[in-house]
$ cat final10.cif   # mmCIF, N, CA and C atoms
data_model
#
loop_
_atom_site.label_atom_id
_atom_site.label_comp_id
_atom_site.auth_asym_id
_atom_site.auth_seq_id
_atom_site.Cartn_x
_atom_site.Cartn_y
_atom_site.Cartn_z
N MET A 1329 15.92 38.13 0.98
CA MET A 1329 15.51 37.48 2.20
C MET A 1329 14.17 36.75 2.01
N LEU A 1330 13.40 37.23 1.08
CA LEU A 1330 12.08 36.64 0.86
C LEU A 1330 12.18 35.16 0.45
N TYR A 1331 13.12 34.83 -0.41
CA TYR A 1331 13.20 33.46 -0.92
C TYR A 1331 13.56 32.42 0.15
N PRO A 1332 14.56 32.67 1.00
CA PRO A 1332 14.80 31.66 2.04
C PRO A 1332 13.61 31.50 2.99
N MET A 1333 12.94 32.62 3.29
CA MET A 1333 11.76 32.50 4.16
C MET A 1333 10.66 31.71 3.46
N PHE A 1334 10.49 31.93 2.17
CA PHE A 1334 9.47 31.20 1.41
C PHE A 1334 9.79 29.70 1.38
N ILE A 1335 11.05 29.35 1.21
CA ILE A 1335 11.44 27.93 1.20
C ILE A 1335 11.12 27.29 2.55
N MET A 1336 11.33 28.02 3.65
CA MET A 1336 10.98 27.48 4.97
C MET A 1336 9.48 27.28 5.09
N VAL A 1337 8.69 28.20 4.55
CA VAL A 1337 7.23 28.04 4.57
C VAL A 1337 6.84 26.79 3.78
N ILE A 1338 7.43 26.62 2.62
CA ILE A 1338 7.15 25.43 1.80
C ILE A 1338 7.54 24.16 2.55
N LEU A 1339 8.72 24.16 3.18
CA LEU A 1339 9.15 23.00 3.95
C LEU A 1339 8.14 22.69 5.06
N THR A 1340 7.66 23.71 5.74
CA THR A 1340 6.70 23.51 6.81
C THR A 1340 5.42 22.86 6.29
N PHE A 1341 4.93 23.32 5.15
CA PHE A 1341 3.71 22.74 4.59
C PHE A 1341 3.95 21.33 4.05
N VAL A 1342 5.12 21.07 3.51
CA VAL A 1342 5.44 19.71 3.05
C VAL A 1342 5.44 18.76 4.24
N ILE A 1343 6.05 19.17 5.34
CA ILE A 1343 6.07 18.33 6.53
C ILE A 1343 4.67 18.17 7.12
N LEU A 1344 3.86 19.23 7.07
CA LEU A 1344 2.47 19.13 7.52
C LEU A 1344 1.74 18.05 6.73
N LEU A 1345 1.86 18.08 5.42
CA LEU A 1345 1.18 17.09 4.57
C LEU A 1345 1.74 15.69 4.79
N PHE A 1346 3.06 15.60 4.96
CA PHE A 1346 3.68 14.30 5.23
C PHE A 1346 3.19 13.75 6.57
N THR A 1347 3.10 14.61 7.58
CA THR A 1347 2.61 14.20 8.89
C THR A 1347 1.17 13.69 8.79
N LEU A 1348 0.37 14.41 8.05
CA LEU A 1348 -1.02 13.99 7.85
C LEU A 1348 -1.08 12.63 7.16
N ARG A 1349 -0.27 12.45 6.15
CA ARG A 1349 -0.22 11.17 5.43
C ARG A 1349 0.18 10.02 6.36
N VAL A 1350 1.18 10.27 7.20
CA VAL A 1350 1.63 9.24 8.15
C VAL A 1350 0.52 8.90 9.14
N ARG A 1351 -0.19 9.92 9.61
CA ARG A 1351 -1.27 9.68 10.57
C ARG A 1351 -2.41 8.89 9.94
N ILE A 1352 -2.83 9.28 8.77
CA ILE A 1352 -3.92 8.57 8.09
C ILE A 1352 -3.50 7.13 7.81
N SER A 1353 -2.28 6.94 7.36
CA SER A 1353 -1.78 5.59 7.09
C SER A 1353 -1.75 4.75 8.37
N SER A 1354 -1.36 5.35 9.49
CA SER A 1354 -1.29 4.59 10.75
C SER A 1354 -2.67 4.15 11.21
N ILE A 1355 -3.68 4.97 10.93
CA ILE A 1355 -5.06 4.60 11.28
C ILE A 1355 -5.56 3.50 10.36
N ARG A 1356 -5.34 3.67 9.05
CA ARG A 1356 -5.80 2.66 8.07
C ARG A 1356 -5.18 1.30 8.32
N LYS A 1357 -3.89 1.28 8.70
CA LYS A 1357 -3.21 0.02 8.96
C LYS A 1357 -3.63 -0.60 10.29
N GLY A 1358 -4.30 0.19 11.12
CA GLY A 1358 -4.70 -0.30 12.43
C GLY A 1358 -3.59 -0.19 13.46
N ASP A 1359 -2.52 0.51 13.14
CA ASP A 1359 -1.41 0.68 14.09
C ASP A 1359 -1.75 1.67 15.20
N VAL A 1360 -2.65 2.62 14.89
CA VAL A 1360 -3.02 3.66 15.84
C VAL A 1360 -4.53 3.86 15.75
N SER A 1361 -5.17 3.99 16.91
CA SER A 1361 -6.60 4.27 16.89
C SER A 1361 -6.82 5.76 16.68
N LEU A 1362 -7.96 6.09 16.11
CA LEU A 1362 -8.29 7.50 15.88
C LEU A 1362 -8.32 8.27 17.19
N SER A 1363 -8.76 7.63 18.27
CA SER A 1363 -8.86 8.32 19.57
C SER A 1363 -7.50 8.74 20.10
N TYR A 1364 -6.42 8.06 19.69
CA TYR A 1364 -5.08 8.46 20.13
C TYR A 1364 -4.81 9.92 19.78
N TYR A 1365 -5.26 10.35 18.64
CA TYR A 1365 -4.93 11.68 18.14
C TYR A 1365 -5.68 12.81 18.86
N SER A 1366 -6.64 12.47 19.71
CA SER A 1366 -7.33 13.54 20.45
C SER A 1366 -6.43 14.14 21.53
N LEU A 1367 -5.61 13.32 22.19
CA LEU A 1367 -4.70 13.81 23.23
C LEU A 1367 -3.25 13.36 23.03
N PHE A 1368 -3.01 12.59 21.99
CA PHE A 1368 -1.68 12.04 21.72
C PHE A 1368 -1.14 11.24 22.89
N GLU A 1369 -2.01 10.43 23.45
CA GLU A 1369 -1.60 9.52 24.51
C GLU A 1369 -2.56 8.35 24.57
N GLY A 1370 -2.14 7.32 25.27
CA GLY A 1370 -3.03 6.18 25.46
C GLY A 1370 -2.58 4.91 24.76
N GLN A 1371 -1.58 5.00 23.91
CA GLN A 1371 -1.10 3.78 23.27
C GLN A 1371 0.28 4.01 22.68
N GLU A 1372 0.96 2.91 22.44
CA GLU A 1372 2.24 2.96 21.75
C GLU A 1372 1.96 3.21 20.27
N VAL A 1373 2.77 4.04 19.65
CA VAL A 1373 2.57 4.36 18.23
C VAL A 1373 3.85 4.07 17.46
N PRO A 1374 3.72 3.88 16.15
CA PRO A 1374 4.91 3.66 15.33
C PRO A 1374 5.88 4.85 15.42
N GLU A 1375 7.14 4.54 15.26
CA GLU A 1375 8.19 5.57 15.35
C GLU A 1375 7.94 6.74 14.41
N MET A 1376 7.51 6.48 13.19
CA MET A 1376 7.32 7.55 12.21
C MET A 1376 6.22 8.52 12.65
N VAL A 1377 5.21 8.03 13.35
CA VAL A 1377 4.15 8.91 13.86
C VAL A 1377 4.76 9.89 14.86
N THR A 1378 5.58 9.40 15.74
CA THR A 1378 6.22 10.25 16.74
C THR A 1378 7.21 11.21 16.09
N LYS A 1379 8.02 10.70 15.17
CA LYS A 1379 9.03 11.56 14.53
C LYS A 1379 8.38 12.70 13.75
N THR A 1380 7.34 12.41 12.98
CA THR A 1380 6.72 13.48 12.19
C THR A 1380 6.04 14.50 13.10
N ARG A 1381 5.44 14.03 14.18
CA ARG A 1381 4.80 14.96 15.12
C ARG A 1381 5.83 15.91 15.73
N HIS A 1382 6.93 15.35 16.20
CA HIS A 1382 7.98 16.17 16.81
C HIS A 1382 8.64 17.09 15.78
N HIS A 1383 8.84 16.58 14.58
CA HIS A 1383 9.50 17.39 13.56
C HIS A 1383 8.63 18.58 13.16
N PHE A 1384 7.35 18.35 13.00
CA PHE A 1384 6.46 19.45 12.65
C PHE A 1384 6.45 20.50 13.75
N ALA A 1385 6.37 20.07 15.00
CA ALA A 1385 6.39 21.01 16.12
C ALA A 1385 7.70 21.80 16.14
N ASN A 1386 8.79 21.13 15.82
CA ASN A 1386 10.10 21.78 15.81
C ASN A 1386 10.19 22.89 14.78
N LEU A 1387 9.39 22.81 13.74
CA LEU A 1387 9.40 23.85 12.70
C LEU A 1387 8.75 25.15 13.19
N PHE A 1388 8.28 25.16 14.43
CA PHE A 1388 7.71 26.38 15.02
C PHE A 1388 8.49 26.81 16.26
N GLU A 1389 9.70 26.34 16.39
CA GLU A 1389 10.54 26.72 17.52
C GLU A 1389 11.62 27.70 17.04
N VAL A 1390 12.82 27.24 16.74
CA VAL A 1390 13.88 28.13 16.27
C VAL A 1390 13.50 28.87 14.98
N PRO A 1391 12.77 28.26 14.06
CA PRO A 1391 12.39 29.01 12.86
C PRO A 1391 11.62 30.31 13.15
N VAL A 1392 10.99 30.41 14.29
CA VAL A 1392 10.33 31.67 14.64
C VAL A 1392 11.37 32.79 14.73
N LEU A 1393 12.52 32.49 15.28
CA LEU A 1393 13.60 33.49 15.34
C LEU A 1393 14.11 33.82 13.94
N PHE A 1394 14.14 32.82 13.07
CA PHE A 1394 14.55 33.03 11.69
C PHE A 1394 13.57 33.96 10.97
N TYR A 1395 12.28 33.66 11.08
CA TYR A 1395 11.27 34.49 10.41
C TYR A 1395 11.28 35.92 10.95
N SER A 1396 11.40 36.06 12.25
CA SER A 1396 11.39 37.42 12.81
C SER A 1396 12.62 38.20 12.38
N ALA A 1397 13.76 37.55 12.29
CA ALA A 1397 14.96 38.23 11.79
C ALA A 1397 14.78 38.62 10.33
N GLY A 1398 14.20 37.73 9.54
CA GLY A 1398 13.97 38.04 8.13
C GLY A 1398 13.02 39.20 7.93
N ILE A 1399 11.96 39.22 8.71
CA ILE A 1399 11.00 40.32 8.62
C ILE A 1399 11.64 41.63 9.06
N LEU A 1400 12.44 41.57 10.11
CA LEU A 1400 13.14 42.77 10.58
C LEU A 1400 14.11 43.29 9.52
N TYR A 1401 14.82 42.37 8.88
CA TYR A 1401 15.76 42.72 7.81
C TYR A 1401 15.04 43.49 6.70
N VAL A 1402 13.89 42.97 6.29
CA VAL A 1402 13.11 43.61 5.22
C VAL A 1402 12.53 44.94 5.70
N ALA A 1403 11.97 44.96 6.91
CA ALA A 1403 11.32 46.17 7.43
C ALA A 1403 12.31 47.32 7.60
N LEU A 1404 13.53 46.99 7.99
CA LEU A 1404 14.55 48.02 8.17
C LEU A 1404 15.23 48.41 6.85
N GLU A 1405 14.82 47.72 5.77
CA GLU A 1405 15.38 47.98 4.44
C GLU A 1405 16.90 47.86 4.43
N LEU A 1406 17.39 46.82 5.10
CA LEU A 1406 18.84 46.59 5.14
C LEU A 1406 19.32 46.05 3.80
N THR A 1407 20.57 46.30 3.50
CA THR A 1407 21.13 45.85 2.22
C THR A 1407 22.35 44.94 2.38
N ASP A 1408 22.83 44.80 3.60
CA ASP A 1408 23.98 43.93 3.84
C ASP A 1408 23.61 42.50 3.44
N PRO A 1409 24.38 41.88 2.55
CA PRO A 1409 24.01 40.53 2.09
C PRO A 1409 24.30 39.43 3.12
N PHE A 1410 25.11 39.71 4.13
CA PHE A 1410 25.49 38.66 5.08
C PHE A 1410 24.29 37.99 5.75
N PRO A 1411 23.29 38.75 6.26
CA PRO A 1411 22.13 38.07 6.85
C PRO A 1411 21.39 37.16 5.85
N VAL A 1412 21.39 37.55 4.59
CA VAL A 1412 20.74 36.72 3.57
C VAL A 1412 21.53 35.42 3.38
N TYR A 1413 22.86 35.51 3.37
CA TYR A 1413 23.68 34.30 3.29
C TYR A 1413 23.41 33.39 4.49
N CYS A 1414 23.31 34.01 5.66
CA CYS A 1414 23.00 33.23 6.87
C CYS A 1414 21.62 32.57 6.75
N ALA A 1415 20.68 33.28 6.17
CA ALA A 1415 19.34 32.73 5.99
C ALA A 1415 19.39 31.49 5.10
N TRP A 1416 20.16 31.55 4.03
CA TRP A 1416 20.28 30.38 3.15
C TRP A 1416 20.98 29.22 3.86
N VAL A 1417 21.97 29.53 4.69
CA VAL A 1417 22.63 28.47 5.46
C VAL A 1417 21.61 27.81 6.40
N PHE A 1418 20.79 28.63 7.05
CA PHE A 1418 19.76 28.08 7.94
C PHE A 1418 18.82 27.16 7.17
N VAL A 1419 18.34 27.64 6.03
CA VAL A 1419 17.41 26.84 5.23
C VAL A 1419 18.07 25.53 4.79
N GLY A 1420 19.29 25.61 4.31
CA GLY A 1420 20.00 24.40 3.91
C GLY A 1420 20.17 23.43 5.07
N ALA A 1421 20.53 23.97 6.23
CA ALA A 1421 20.70 23.14 7.41
C ALA A 1421 19.38 22.49 7.82
N ARG A 1422 18.27 23.24 7.71
CA ARG A 1422 16.97 22.68 8.07
C ARG A 1422 16.54 21.60 7.09
N LEU A 1423 16.85 21.78 5.82
CA LEU A 1423 16.52 20.74 4.83
C LEU A 1423 17.31 19.46 5.12
N ILE A 1424 18.58 19.64 5.44
CA ILE A 1424 19.42 18.48 5.78
C ILE A 1424 18.91 17.84 7.07
N HIS A 1425 18.60 18.67 8.06
CA HIS A 1425 18.07 18.16 9.33
C HIS A 1425 16.79 17.35 9.10
N THR A 1426 15.91 17.86 8.25
CA THR A 1426 14.67 17.15 7.95
C THR A 1426 14.95 15.80 7.31
N SER A 1427 15.84 15.79 6.33
CA SER A 1427 16.11 14.51 5.65
C SER A 1427 16.76 13.50 6.60
N ILE A 1428 17.59 13.97 7.51
CA ILE A 1428 18.20 13.06 8.49
C ILE A 1428 17.14 12.58 9.48
N HIS A 1429 16.39 13.51 10.05
CA HIS A 1429 15.42 13.16 11.09
C HIS A 1429 14.34 12.21 10.59
N LEU A 1430 13.81 12.49 9.42
CA LEU A 1430 12.74 11.65 8.90
C LEU A 1430 13.27 10.49 8.05
N GLY A 1431 14.58 10.45 7.90
CA GLY A 1431 15.22 9.36 7.16
C GLY A 1431 15.89 8.39 8.13
N TYR A 1432 17.21 8.35 8.08
CA TYR A 1432 17.95 7.37 8.86
C TYR A 1432 18.13 7.77 10.33
N ASN A 1433 17.86 9.03 10.66
CA ASN A 1433 17.77 9.53 12.03
C ASN A 1433 18.99 9.28 12.91
N ASN A 1434 20.17 9.57 12.39
CA ASN A 1434 21.38 9.52 13.20
C ASN A 1434 21.42 10.78 14.05
N VAL A 1435 21.40 10.62 15.36
CA VAL A 1435 21.29 11.76 16.27
C VAL A 1435 22.47 12.72 16.14
N LEU A 1436 23.67 12.19 16.00
CA LEU A 1436 24.84 13.07 15.89
C LEU A 1436 24.81 13.88 14.59
N HIS A 1437 24.44 13.26 13.50
CA HIS A 1437 24.33 13.98 12.23
C HIS A 1437 23.25 15.05 12.32
N ARG A 1438 22.14 14.67 12.92
CA ARG A 1438 21.04 15.63 13.11
C ARG A 1438 21.48 16.80 13.97
N LEU A 1439 22.23 16.53 15.02
CA LEU A 1439 22.72 17.57 15.92
C LEU A 1439 23.62 18.56 15.18
N VAL A 1440 24.47 18.07 14.31
CA VAL A 1440 25.35 18.96 13.55
C VAL A 1440 24.53 19.88 12.65
N ALA A 1441 23.58 19.32 11.93
CA ALA A 1441 22.73 20.14 11.05
C ALA A 1441 21.93 21.14 11.87
N PHE A 1442 21.39 20.70 12.98
CA PHE A 1442 20.61 21.57 13.86
C PHE A 1442 21.48 22.70 14.41
N GLY A 1443 22.68 22.35 14.84
CA GLY A 1443 23.61 23.34 15.39
C GLY A 1443 24.03 24.38 14.36
N ILE A 1444 24.32 23.94 13.15
CA ILE A 1444 24.71 24.87 12.08
C ILE A 1444 23.56 25.84 11.80
N GLY A 1445 22.35 25.32 11.73
CA GLY A 1445 21.19 26.18 11.50
C GLY A 1445 21.00 27.20 12.61
N ASN A 1446 21.14 26.76 13.84
CA ASN A 1446 20.98 27.68 14.97
C ASN A 1446 22.05 28.76 14.97
N LEU A 1447 23.28 28.38 14.67
CA LEU A 1447 24.35 29.38 14.60
C LEU A 1447 24.11 30.37 13.46
N ALA A 1448 23.54 29.90 12.37
CA ALA A 1448 23.22 30.79 11.25
C ALA A 1448 22.17 31.82 11.66
N VAL A 1449 21.18 31.39 12.44
CA VAL A 1449 20.15 32.34 12.91
C VAL A 1449 20.77 33.34 13.89
N LEU A 1450 21.63 32.87 14.75
CA LEU A 1450 22.31 33.78 15.67
C LEU A 1450 23.14 34.80 14.89
N ALA A 1451 23.85 34.34 13.88
CA ALA A 1451 24.66 35.25 13.05
C ALA A 1451 23.76 36.25 12.32
N MET A 1452 22.61 35.80 11.85
CA MET A 1452 21.64 36.72 11.22
C MET A 1452 21.28 37.84 12.18
N TRP A 1453 20.90 37.46 13.39
CA TRP A 1453 20.48 38.45 14.38
C TRP A 1453 21.61 39.41 14.72
N LEU A 1454 22.81 38.89 14.92
CA LEU A 1454 23.94 39.75 15.25
C LEU A 1454 24.21 40.75 14.11
N ALA A 1455 24.17 40.27 12.89
CA ALA A 1455 24.42 41.15 11.74
C ALA A 1455 23.31 42.20 11.59
N ILE A 1456 22.07 41.81 11.81
CA ILE A 1456 20.96 42.75 11.68
C ILE A 1456 21.02 43.82 12.77
N VAL A 1457 21.27 43.40 14.00
CA VAL A 1457 21.36 44.36 15.09
C VAL A 1457 22.55 45.30 14.86
N SER A 1458 23.65 44.75 14.40
CA SER A 1458 24.83 45.58 14.11
C SER A 1458 24.56 46.59 13.02
N ALA A 1459 23.88 46.16 11.96
CA ALA A 1459 23.58 47.06 10.84
C ALA A 1459 22.53 48.11 11.20
N ALA A 1460 21.65 47.77 12.13
CA ALA A 1460 20.55 48.69 12.48
C ALA A 1460 20.97 49.73 13.52
N THR A 1461 22.11 49.53 14.17
CA THR A 1461 22.52 50.48 15.21
C THR A 1461 23.60 51.40 14.74
#

$ encode --input "final10.cif" --output "structure tokens"
Amino acid sequence: MLYPMFIMVILTFVILLFTLRVRISSIRKGDVSLSYYSLFEGQEVPEMVTKTRHHFANLFEVPVLFYSAGILYVALELTDPFPVYCAWVFVGARLIHTSIHLGYNNVLHRLVAFGIGNLAVLAMWLAIVSAAT
């Protein structure tokens, strides 16, 4: 369980750095004023600035359920491999979701990847609760 959680941590930091790069670039190009970033309002911004901001924030929504399930799995010393398989499905789905969202951004494709990841987290939780009771 440690490895899928670690990959999600790495993904989060990669997106953090990418978001920072996009923000610095937007300021250098003159597309966004530095003051915009104090409240994230006051002017129109390039699409990539908005997408990276939303994507980074999204990495602290459903993934919180993923991390808590993973920690619970380890803390309870469970051995059933199914939650680990679900964890890898979630990670794979999030990687695909990231590449779609920050790439060509087809909403339907993104929705499928997002949905698969969410179902994987739900399956993780169901399997962990079942094994722990």

$ atom_distance --input "final10.cif" --atom1 "CA of Thr1378 (chain A)" --atom2 "CA of Gly1443 (chain A)"
21.8 Å

$ residues_near_point --input "final10.cif" --point "(3.0, 10.1, 14.0)" --cutoff "8 Å" --atoms "only N, CA and C atoms" --output "JSON, numbers by chain"
{"A": [1347, 1348, 1350, 1351, 1352, 1354, 1373, 1374, 1375, 1376, 1377, 1378, 1379, 1380, 1381, 1382]}

$ resolve_selection --input "final10.cif" --expression "the PyMOL selection byres (((chain A and resi 1449 and name CA) around 7) and name CA)" --output "list of chain:residue names"
A:Phe1394, A:Cys1414, A:Ala1415, A:Phe1418, A:Gly1445, A:Asn1446, A:Leu1447, A:Ala1448, A:Leu1450, A:Ala1451, A:Met1452, A:Trp1453

$ atom_distance --input "final10.cif" --atom1 "CA of Leu1423 (chain A)" --atom2 "atom C of Ile1343 (chain A)"
12.3 Å

$ atom_distance --input "final10.cif" --atom1 "atom N of Val1390 (chain A)" --atom2 "CA of Tyr1364 (chain A)"
26.2 Å

$ closest_residue --input "final10.cif" --among "A:His1383, A:Trp1416, A:Gly1370, A:Tyr1365" --to "Tyr1331 (chain A)" --atoms "only N, CA and C atoms"
A:Trp1416

$ closest_residue --input "final10.cif" --among "A:Arg1422, A:Pro1409, A:Val1417, A:Phe1368" --to "Met1336 (chain A)" --atoms "only C-alpha atoms"
A:Arg1422

$ decode --input "final10.cif" --residues "region 1392-1411 of chain A" --atoms "C-alpha atoms" --output "compact mmCIF listing (two decimals), in the first residue's frame"
# COMPACT_ATOMS: atom_id res chain seq x y z
CA VAL A 1392 -7.83 12.36 1.17
CA LEU A 1393 -10.16 9.35 1.26
CA PHE A 1394 -7.51 7.34 -0.60
CA TYR A 1395 -4.76 8.26 1.87
CA SER A 1396 -6.94 7.58 4.89
CA ALA A 1397 -7.93 4.17 3.53
CA GLY A 1398 -4.29 3.37 2.84
CA ILE A 1399 -3.22 4.38 6.33
CA LEU A 1400 -6.05 2.37 7.84
CA TYR A 1401 -5.05 -0.66 5.75
CA VAL A 1402 -1.48 -0.44 7.08
CA ALA A 1403 -2.50 0.35 10.68
CA LEU A 1404 -4.84 -2.63 10.82
CA GLU A 1405 -2.08 -4.83 9.36
CA LEU A 1406 -4.44 -6.16 6.71
CA THR A 1407 -3.11 -8.64 4.17
CA ASP A 1408 -5.94 -8.84 1.63
CA PRO A 1409 -4.38 -7.72 -1.68
CA PHE A 1410 -7.66 -6.40 -3.13
CA PRO A 1411 -7.42 -2.92 -1.48
